[in-house]
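The next block holds one structure in the form of structure tokens; read it before the comments.
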Amino acid sequence: MSDIRVRFAPSPTGNLHIGGVRTALFNYLYARQQGGKFLLRIEDTDRQRSTPEFEQEILGSLKWLGLDWDEELVHQSARLERYREVAQELVSKGLAYEFEGAIKFKIPKTEVKVYDIIRGEVTYDSKEFDDLVIMKSDGYPVFHLAVVVDDHDMGITHIVRGEDHLPNTPRHILLYQALGWKSPKYAHLPLIFGADGTPLSKRHGAVAVSEYRNKGFLPQGLINYLALLGWNPGTPQEIFSLPELVKQFSLKRVIKSNAQFNPEKLFWVNGQHMRAMPGEDYEREITAFWKDKLPAMPEEKWRKIIALYRPRIQIYGELKEQTDYFFTEPEYADAAMTGEIRQNAVSMGLLRQLLETLGSLGDFEDVQVLDQKTKQVVETAGLKSKDLIHPLRYILTGRSATPGIFELMSLLGKETCLKRLAAFLS
RNA sequence: GUCCCCAUCGUCUAGGUUGGUCUAGGACACCAGGUUUUCAUCCUGGUAACAGGGGUUCAAAUCCCCUUGGGGACGCCA
């Protein structure tokens with residue numbers, strides 16, 4: 001146990017996005033690793049844009065990610081009196097003054113040093129700063145005042161936030177000094193950008209955590225990938241569970257330069273987690289994900305399908321598009337392939353023969369038997385099994401790449417297979 | 001414009017504090033090969049980077065300066 005206390009302070013004016021998660025994650029990792037507290041504060045002083053829905057969305061996303069917080073949630077909207085009190089205190093000390101109904105903090109002209117854990121010492125000259133509005137004319141505090149008062153009152157020892165806040169820090173330090181409070185330590189994280197180098201936004205595709213969740217990403221996949229954006233353990237390890245990250249994380253190893261968000265690597269990391277998780281977890285989760293979104297089928301069949309596709313998908317959401325032939329008839333969209341098979345008299349002959357052979361089978365339960373019977377047909381004709389398997393795969397699934405064809409035939413069932421084969425040959 | 005931060009393969013990064021062991025390592029992506037009925041998984045190999053210029057030094061990716069480039073902040077938003 002240590003007395004380290006950090007916080008994540010989102011404002012409920014939008015969904016929790018990738019950048020926010022990364023900030024929350026690094027705070028979480030630092031707190032958990034140091035045996036400190038990870039607190040959550042809702043910065044809802046923008047009355048126009050803050051909504052309870054966004055707040056719920058943010059909390060829900062954090063829970064889904066497994067970034068559980070300590071103690072009670074703090075809402076800035078519940079602390080208005082406190083901010084007014086502090087603002088008045090500054091006014092009465094002559095350190096702030098009223099201006100057009102608002103209150104401005106009189107910036108002392110001095111050199112301000114920020115000691116940043118990641119960047120080292122950064123010096124500002126406050127004569128570059130204008131006096132700072134700390135209370136709006138509507139009686140609500142401005143971010144700068146609320147942050148300082150809350151961080152002080154909540155006993156925050158380390159502020160870990162995005163680098164976009166670095167220029168705010170000297171102003172905050174001045175406020176701490178004016179109030180006679182001890183300033184926390186700071187760590188400013190590098191920012192995350194889209195592939196084109198501009199700040200991450202809707203243009204770059206999904207930015208909200210909920211979108212990733214809806215697409216069937218794993219929380220541990222997203223967390224793992226985001227941890228690697230701006231931090232690395234200094235070892236070749238790339239795949240981490242949350243507890244492993246907690247164990248290995250260090251603010252000292254956070255990178256200084258901004259990073260680009262790379263969806264491809266996120267997919268890869270997610271796929272690694274999907275393959276590494278216990279089979280029963282995979283089964284349970286992907287089943288829950290697709291429940292009510294796909295037509296029902298016998299449990300045993302479903303279990304075999306998802307097992308077959310585990311190495312072939314990187315997110316749960318990919319399953320449907322890959323397995324469409326289980327739910328709808330093949331469309332044979334590849335005209336070249338379709339023509340090639342139809343015009344090849346030899347393979348058409350083989351396929352007819354196969355249709356007959358398979359028709360004489362009792363059912364398609366036994367994959368071995370399907371394999372043997374099919375190969376017999378080809379071998380009798382003196383050809384290679386792939387000469388028949390490739391056209392067969394295409395006819396049964398409309399695809400040229402699928403899991404093992406005999407397993408698929410067994411899952412598709414005798415009736416469907418013979419029907420598709422007969423339809424194609426007629 | 002002013003102030004601040006940053007700068008190694010296309011991307012994420014190791015190495016930089018203690019300059020030599022770096023003809024710069026790993027991962028994603030890409031290419032080639034292997035395994036497989038195809039695909040995927042998996043395995044092997046390959047292409048690919050120290051932004052530029054000065055300086056310090058016997059020696060610089062590593063230290064210093066300048067330039068360039070990128071980013072951030074300059075709101076009664078947070």
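Naming scheme: A, B, ... for chains in displayed order of the structure tokens; residues 1 onward per chain; ligands 1 onward as shown.
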Residues of chain A near chain B: apply a cut-off of 6 Å, count only C-alpha atoms (C1' of nucleotides), and supply the list as a PyMOL selection string.
-> chain A and resi 136+164+167+236+257+265+311-312+386+389+401-402
Go ahead and dump the residues you just picked, all heavy atoms, as an mmCIF file, in the first residue's frame.
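And here's selection_1.cif as it stands now:
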data_model
loop_
_atom_site.group_PDB
_atom_site.id
_atom_site.type_symbol
_atom_site.label_atom_id
_atom_site.label_comp_id
_atom_site.auth_asym_id
_atom_site.auth_seq_id
_atom_site.Cartn_x
_atom_site.Cartn_y
_atom_site.Cartn_z
ATOM 1 N N LYS A 136 -16.786 31.506 -14.496
ATOM 2 C CA LYS A 136 -17.525 32.121 -15.594
ATOM 3 C C LYS A 136 -18.583 33.048 -15.018
ATOM 4 O O LYS A 136 -18.938 32.947 -13.839
ATOM 5 C CB LYS A 136 -18.212 31.035 -16.437
ATOM 6 C CG LYS A 136 -17.275 29.982 -16.968
ATOM 7 C CD LYS A 136 -18.070 28.896 -17.719
ATOM 8 C CE LYS A 136 -17.345 27.568 -17.673
ATOM 9 N NZ LYS A 136 -18.156 26.461 -18.194
ATOM 10 N N ASP A 164 -1.337 17.535 -24.440
ATOM 11 C CA ASP A 164 -2.032 18.773 -24.775
ATOM 12 C C ASP A 164 -2.253 19.638 -23.533
ATOM 13 O O ASP A 164 -2.519 20.825 -23.650
ATOM 14 C CB ASP A 164 -3.364 18.470 -25.489
ATOM 15 C CG ASP A 164 -4.203 17.440 -24.749
ATOM 16 O OD1 ASP A 164 -3.632 16.669 -23.958
ATOM 17 O OD2 ASP A 164 -5.422 17.404 -24.969
ATOM 18 N N PRO A 167 0.918 22.857 -21.601
ATOM 19 C CA PRO A 167 0.931 24.325 -21.468
ATOM 20 C C PRO A 167 -0.017 24.830 -20.377
ATOM 21 O O PRO A 167 0.105 25.982 -19.955
ATOM 22 C CB PRO A 167 0.472 24.815 -22.839
ATOM 23 C CG PRO A 167 0.684 23.663 -23.763
ATOM 24 C CD PRO A 167 0.453 22.444 -22.936
ATOM 25 N N PRO A 236 11.245 -7.982 -25.664
ATOM 26 C CA PRO A 236 10.510 -8.230 -26.916
ATOM 27 C C PRO A 236 9.045 -8.616 -26.711
ATOM 28 O O PRO A 236 8.336 -8.808 -27.684
ATOM 29 C CB PRO A 236 11.279 -9.406 -27.546
ATOM 30 C CG PRO A 236 12.583 -9.458 -26.830
ATOM 31 C CD PRO A 236 12.303 -8.960 -25.449
ATOM 32 N N SER A 257 7.509 10.891 -27.745
ATOM 33 C CA SER A 257 6.960 11.337 -29.029
ATOM 34 C C SER A 257 5.575 10.769 -29.299
ATOM 35 O O SER A 257 5.221 9.686 -28.851
ATOM 36 C CB SER A 257 7.916 10.984 -30.158
ATOM 37 O OG SER A 257 8.338 9.648 -30.032
ATOM 38 N N LYS A 265 -2.355 -3.379 -36.532
ATOM 39 C CA LYS A 265 -1.695 -4.032 -35.415
ATOM 40 C C LYS A 265 -2.681 -4.330 -34.288
ATOM 41 O O LYS A 265 -2.558 -5.334 -33.595
ATOM 42 C CB LYS A 265 -0.520 -3.201 -34.891
ATOM 43 C CG LYS A 265 0.257 -3.936 -33.810
ATOM 44 C CD LYS A 265 1.719 -3.624 -33.778
ATOM 45 C CE LYS A 265 2.442 -4.527 -32.789
ATOM 46 N NZ LYS A 265 3.877 -4.254 -32.722
ATOM 47 N N PRO A 311 -8.891 -19.654 -35.622
ATOM 48 C CA PRO A 311 -7.653 -19.106 -36.193
ATOM 49 C C PRO A 311 -7.884 -18.247 -37.438
ATOM 50 O O PRO A 311 -6.940 -17.717 -37.996
ATOM 51 C CB PRO A 311 -6.850 -20.364 -36.547
ATOM 52 C CG PRO A 311 -7.844 -21.441 -36.706
ATOM 53 C CD PRO A 311 -9.041 -21.084 -35.876
ATOM 54 N N ARG A 312 -9.138 -18.129 -37.864
ATOM 55 C CA ARG A 312 -9.397 -17.421 -39.123
ATOM 56 C C ARG A 312 -10.004 -16.050 -38.940
ATOM 57 O O ARG A 312 -10.256 -15.350 -39.905
ATOM 58 C CB ARG A 312 -10.324 -18.272 -40.003
ATOM 59 C CG ARG A 312 -9.638 -19.506 -40.535
ATOM 60 C CD ARG A 312 -10.617 -20.381 -41.303
ATOM 61 N NE ARG A 312 -9.910 -21.453 -42.006
ATOM 62 C CZ ARG A 312 -9.494 -22.568 -41.435
ATOM 63 N NH1 ARG A 312 -9.711 -22.771 -40.145
ATOM 64 N NH2 ARG A 312 -8.834 -23.473 -42.129
ATOM 65 N N LYS A 386 -7.055 -32.479 -55.266
ATOM 66 C CA LYS A 386 -7.395 -31.056 -55.332
ATOM 67 C C LYS A 386 -8.153 -30.707 -56.606
ATOM 68 O O LYS A 386 -8.859 -29.712 -56.667
ATOM 69 C CB LYS A 386 -6.142 -30.194 -55.196
ATOM 70 C CG LYS A 386 -5.141 -30.344 -56.309
ATOM 71 C CD LYS A 386 -3.975 -29.390 -56.088
ATOM 72 C CE LYS A 386 -2.963 -29.529 -57.213
ATOM 73 N NZ LYS A 386 -1.772 -28.699 -56.985
ATOM 74 N N ILE A 389 -11.518 -31.236 -55.150
ATOM 75 C CA ILE A 389 -11.811 -30.485 -53.925
ATOM 76 C C ILE A 389 -12.038 -28.999 -54.178
ATOM 77 O O ILE A 389 -12.959 -28.403 -53.628
ATOM 78 C CB ILE A 389 -10.672 -30.703 -52.891
ATOM 79 C CG1 ILE A 389 -10.822 -32.105 -52.299
ATOM 80 C CG2 ILE A 389 -10.720 -29.654 -51.801
ATOM 81 C CD1 ILE A 389 -9.672 -32.508 -51.397
ATOM 82 N N ALA A 401 -11.673 -20.111 -50.526
ATOM 83 C CA ALA A 401 -10.878 -20.332 -49.320
ATOM 84 C C ALA A 401 -11.813 -20.561 -48.136
ATOM 85 O O ALA A 401 -12.614 -19.688 -47.798
ATOM 86 C CB ALA A 401 -9.982 -19.130 -49.044
ATOM 87 N N THR A 402 -11.708 -21.702 -47.540
ATOM 88 C CA THR A 402 -12.554 -22.040 -46.385
ATOM 89 C C THR A 402 -11.782 -23.010 -45.497
ATOM 90 O O THR A 402 -10.708 -23.475 -45.865
ATOM 91 C CB THR A 402 -13.845 -22.781 -46.822
ATOM 92 O OG1 THR A 402 -13.472 -24.088 -47.311
ATOM 93 C CG2 THR A 402 -14.586 -22.030 -47.908
#
Hey, what's within 6 Å of His188 (chain A) if we count only C-alpha atoms (C1' of nucleotides) and toss same-chain stuff fewer than 6 positions away? As a ChimeraX atom specification, please?
-> /A:160-163
Skip Phe129 (chain A) itself and residues of its chain fewer than 5 positions away, then list as a VMD selection string all residues within 10 Å of it, counting only C-alpha atoms (C1' of nucleotides).
-> (chain A and resid 106 to 109 124 170 to 171) or (chain B and resid 3 74)
Please return as a ChimeraX atom specification: the residues of region 187-424 of chain A that backbone DSSP assigns to helix (DSSP H, G or I).
-> /A:202-204,209-215,219-227,242-248,251-253,263-276,279-290,299-312,316-322,324-326,335-343,345-359,367-380,385-397,405-412,414-424
Could you write out that same residue set with C-alpha atoms as a tab-separated table (two decimals), in the first residue's frame?
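That gives us again11.tsv:
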chain	number	residue	atom	x	y	z
A	202	LYS	CA	-14.23	10.21	-36.76
A	203	ARG	CA	-12.53	10.49	-40.12
A	204	HIS	CA	-10.16	7.74	-39.03
A	209	VAL	CA	-14.59	2.36	-27.28
A	210	SER	CA	-18.17	1.22	-27.70
A	211	GLU	CA	-17.63	0.88	-31.44
A	212	TYR	CA	-14.77	-1.53	-30.83
A	213	ARG	CA	-16.89	-3.44	-28.40
A	214	ASN	CA	-19.70	-3.68	-30.93
A	215	LYS	CA	-17.36	-4.97	-33.57
A	219	PRO	CA	-11.17	-5.58	-24.00
A	220	GLN	CA	-7.79	-7.16	-23.30
A	221	GLY	CA	-6.85	-6.78	-26.98
A	222	LEU	CA	-7.66	-3.09	-27.02
A	223	ILE	CA	-5.90	-2.53	-23.71
A	224	ASN	CA	-2.83	-4.43	-24.83
A	225	TYR	CA	-2.55	-2.49	-28.06
A	226	LEU	CA	-3.08	0.88	-26.40
A	227	ALA	CA	-0.49	0.11	-23.74
A	242	LEU	CA	-3.83	-6.54	-17.77
A	243	PRO	CA	-2.15	-8.00	-14.66
A	244	GLU	CA	1.09	-8.40	-16.61
A	245	LEU	CA	0.90	-4.76	-17.66
A	246	VAL	CA	0.32	-3.74	-14.06
A	247	LYS	CA	3.41	-5.67	-13.08
A	248	GLN	CA	5.66	-4.28	-15.80
A	251	LEU	CA	6.09	5.92	-16.19
A	252	LYS	CA	9.83	6.15	-16.71
A	253	ARG	CA	9.52	4.05	-19.83
A	263	PRO	CA	-5.66	-0.50	-36.76
A	264	GLU	CA	-3.84	-3.40	-38.42
A	265	LYS	CA	-1.69	-4.03	-35.41
A	266	LEU	CA	-4.70	-3.71	-33.15
A	267	PHE	CA	-6.38	-6.47	-35.16
A	268	TRP	CA	-3.29	-8.63	-34.85
A	269	VAL	CA	-2.98	-8.10	-31.10
A	270	ASN	CA	-6.66	-8.86	-30.70
A	271	GLY	CA	-6.27	-12.05	-32.73
A	272	GLN	CA	-3.39	-13.13	-30.51
A	273	HIS	CA	-5.54	-12.72	-27.42
A	274	MET	CA	-8.42	-14.54	-29.05
A	275	ARG	CA	-6.24	-17.53	-29.78
A	276	ALA	CA	-4.53	-17.49	-26.41
A	279	GLY	CA	-11.32	-22.38	-25.22
A	280	GLU	CA	-14.34	-22.23	-22.95
A	281	ASP	CA	-13.98	-18.45	-22.59
A	282	TYR	CA	-13.76	-18.06	-26.34
A	283	GLU	CA	-16.82	-20.23	-26.83
A	284	ARG	CA	-18.86	-18.44	-24.23
A	285	GLU	CA	-17.93	-14.95	-25.37
A	286	ILE	CA	-18.31	-15.36	-29.11
A	287	THR	CA	-21.59	-17.17	-28.54
A	288	ALA	CA	-22.86	-14.31	-26.39
A	289	PHE	CA	-21.66	-11.84	-29.00
A	290	TRP	CA	-23.62	-13.49	-31.81
A	299	GLU	CA	-25.38	-26.20	-30.34
A	300	GLU	CA	-22.99	-28.92	-31.43
A	301	LYS	CA	-22.84	-27.54	-34.96
A	302	TRP	CA	-22.30	-23.99	-33.70
A	303	ARG	CA	-19.47	-25.11	-31.45
A	304	LYS	CA	-17.71	-26.82	-34.33
A	305	ILE	CA	-18.06	-23.78	-36.56
A	306	ILE	CA	-16.63	-21.33	-34.07
A	307	ALA	CA	-13.78	-23.71	-33.32
A	308	LEU	CA	-13.01	-23.97	-37.04
A	309	TYR	CA	-12.96	-20.19	-37.34
A	310	ARG	CA	-10.95	-19.34	-34.26
A	311	PRO	CA	-7.65	-19.11	-36.19
A	312	ARG	CA	-9.40	-17.42	-39.12
A	316	TYR	CA	-15.73	-11.79	-33.14
A	317	GLY	CA	-17.55	-9.56	-35.59
A	318	GLU	CA	-15.77	-11.13	-38.56
A	319	LEU	CA	-17.47	-14.47	-38.12
A	320	LYS	CA	-20.70	-13.71	-39.96
A	321	GLU	CA	-19.14	-12.49	-43.19
A	322	GLN	CA	-16.81	-15.49	-43.24
A	324	ASP	CA	-22.32	-16.68	-44.81
A	325	TYR	CA	-22.63	-19.97	-46.72
A	326	PHE	CA	-24.05	-21.63	-43.61
A	335	ALA	CA	-17.58	-15.54	-62.90
A	336	ALA	CA	-14.16	-16.77	-64.01
A	337	MET	CA	-14.17	-19.56	-61.45
A	338	THR	CA	-17.76	-20.51	-62.23
A	339	GLY	CA	-17.04	-20.66	-65.95
A	340	GLU	CA	-13.87	-22.61	-65.49
A	341	ILE	CA	-15.60	-25.36	-63.58
A	342	ARG	CA	-18.61	-25.52	-65.91
A	343	GLN	CA	-16.44	-25.73	-69.01
A	345	ALA	CA	-15.79	-31.65	-68.85
A	346	VAL	CA	-13.52	-33.79	-66.73
A	347	SER	CA	-14.30	-32.11	-63.46
A	348	MET	CA	-17.99	-31.86	-64.29
A	349	GLY	CA	-17.92	-35.62	-64.87
A	350	LEU	CA	-16.16	-36.15	-61.58
A	351	LEU	CA	-18.64	-33.97	-59.77
A	352	ARG	CA	-21.57	-35.94	-61.18
A	353	GLN	CA	-19.89	-39.10	-60.08
A	354	LEU	CA	-19.31	-37.62	-56.64
A	355	LEU	CA	-22.93	-36.58	-56.36
A	356	GLU	CA	-23.92	-40.16	-56.97
A	357	THR	CA	-21.37	-41.61	-54.58
A	358	LEU	CA	-22.26	-39.22	-51.79
A	359	GLY	CA	-25.94	-39.79	-52.35
A	367	VAL	CA	-15.62	-36.80	-41.83
A	368	GLN	CA	-13.22	-39.69	-42.54
A	369	VAL	CA	-15.73	-41.44	-44.74
A	370	LEU	CA	-16.43	-38.26	-46.72
A	371	ASP	CA	-12.70	-37.84	-47.21
A	372	GLN	CA	-12.22	-41.45	-48.38
A	373	LYS	CA	-15.21	-41.55	-50.69
A	374	THR	CA	-14.29	-38.29	-52.38
A	375	LYS	CA	-10.70	-39.31	-52.88
A	376	GLN	CA	-11.79	-42.64	-54.28
A	377	VAL	CA	-13.74	-40.86	-56.99
A	378	VAL	CA	-10.69	-38.81	-57.98
A	379	GLU	CA	-8.19	-41.61	-57.77
A	380	THR	CA	-10.30	-43.90	-59.90
A	385	SER	CA	-7.73	-34.80	-55.02
A	386	LYS	CA	-7.40	-31.06	-55.33
A	387	ASP	CA	-8.77	-31.30	-58.86
A	388	LEU	CA	-12.07	-32.19	-57.29
A	389	ILE	CA	-11.81	-30.48	-53.93
A	390	HIS	CA	-11.37	-26.98	-55.30
A	391	PRO	CA	-14.46	-27.03	-57.53
A	392	LEU	CA	-16.37	-28.78	-54.78
A	393	ARG	CA	-15.47	-26.12	-52.24
A	394	TYR	CA	-16.57	-23.41	-54.60
A	395	ILE	CA	-19.86	-25.10	-55.38
A	396	LEU	CA	-20.71	-25.75	-51.74
A	397	THR	CA	-19.63	-22.41	-50.32
A	405	ILE	CA	-13.87	-29.12	-46.99
A	406	PHE	CA	-14.83	-32.45	-45.41
A	407	GLU	CA	-15.49	-30.88	-42.05
A	408	LEU	CA	-17.60	-28.28	-43.77
A	409	MET	CA	-19.56	-30.94	-45.68
A	410	SER	CA	-20.26	-32.70	-42.46
A	411	LEU	CA	-21.47	-29.46	-40.85
A	412	LEU	CA	-23.49	-28.40	-43.88
A	414	LYS	CA	-26.01	-34.26	-46.56
A	415	GLU	CA	-29.17	-32.56	-47.72
A	416	THR	CA	-27.60	-29.13	-48.25
A	417	CYS	CA	-24.49	-30.49	-49.91
A	418	LEU	CA	-26.34	-32.67	-52.37
A	419	LYS	CA	-28.82	-29.91	-53.11
A	420	ARG	CA	-26.08	-27.37	-53.90
A	421	LEU	CA	-24.13	-29.86	-55.92
A	422	ALA	CA	-27.16	-30.96	-57.92
A	423	ALA	CA	-28.25	-27.37	-58.50
A	424	PHE	CA	-24.85	-26.41	-59.84
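Going from CA of Ile315 (chain A) to CA of Leu25 (chain A) covers 21.4 Å.
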Which polymer residues have any atom within 10 Å of an atom of C9 (chain B), counting only C-alpha atoms (C1' of nucleotides), with same-chain residues fewer than 5 positions away left out, as a PyMOL selection string?
-> chain B and resi 47-50
Name all residues at most 12 Å from G34 (chain B) (count only C-alpha atoms (C1' of nucleotides); drop same-chain ones fewer than 3 positions away) and give them as a VMD selection string.
-> chain B and resid 42 to 45
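Take the candidates B:U35, B:U23, B:U67, B:U18 and check each one against A51 (chain B) using only C-alpha atoms (C1' of nucleotides); the shortest distance goes to B:U67.
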Would you list, as a tab-separated table (two decimals) with N, CA and C atoms, in the first residue's frame, the residues of region 215-408 of chain A that end up in strand (DSSP E or B) under DSSP run on this structure's backbone?
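The new file result_20.tsv reads:
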chain	number	residue	atom	x	y	z
A	231	TRP	N	4.42	3.27	-24.78
A	231	TRP	CA	5.14	2.59	-23.71
A	231	TRP	C	5.58	1.23	-24.21
A	254	VAL	N	7.78	5.58	-20.48
A	254	VAL	CA	6.82	6.14	-21.43
A	254	VAL	C	7.59	6.98	-22.45
A	259	ALA	N	2.31	9.16	-31.21
A	259	ALA	CA	2.22	7.89	-31.91
A	259	ALA	C	1.02	7.87	-32.85
A	260	GLN	N	1.15	7.10	-33.91
A	260	GLN	CA	0.02	6.92	-34.82
A	260	GLN	C	-0.72	5.63	-34.49
Of B:G46, B:G33, B:G20, B:G1, the one sitting nearest C58 (chain B) when using only C-alpha atoms (C1' of nucleotides) is B:G20
Between CA of Glu55 (chain A) and CA of Ser250 (chain A), what is the distance, to one decimal in Å?
-> 29.2 Å
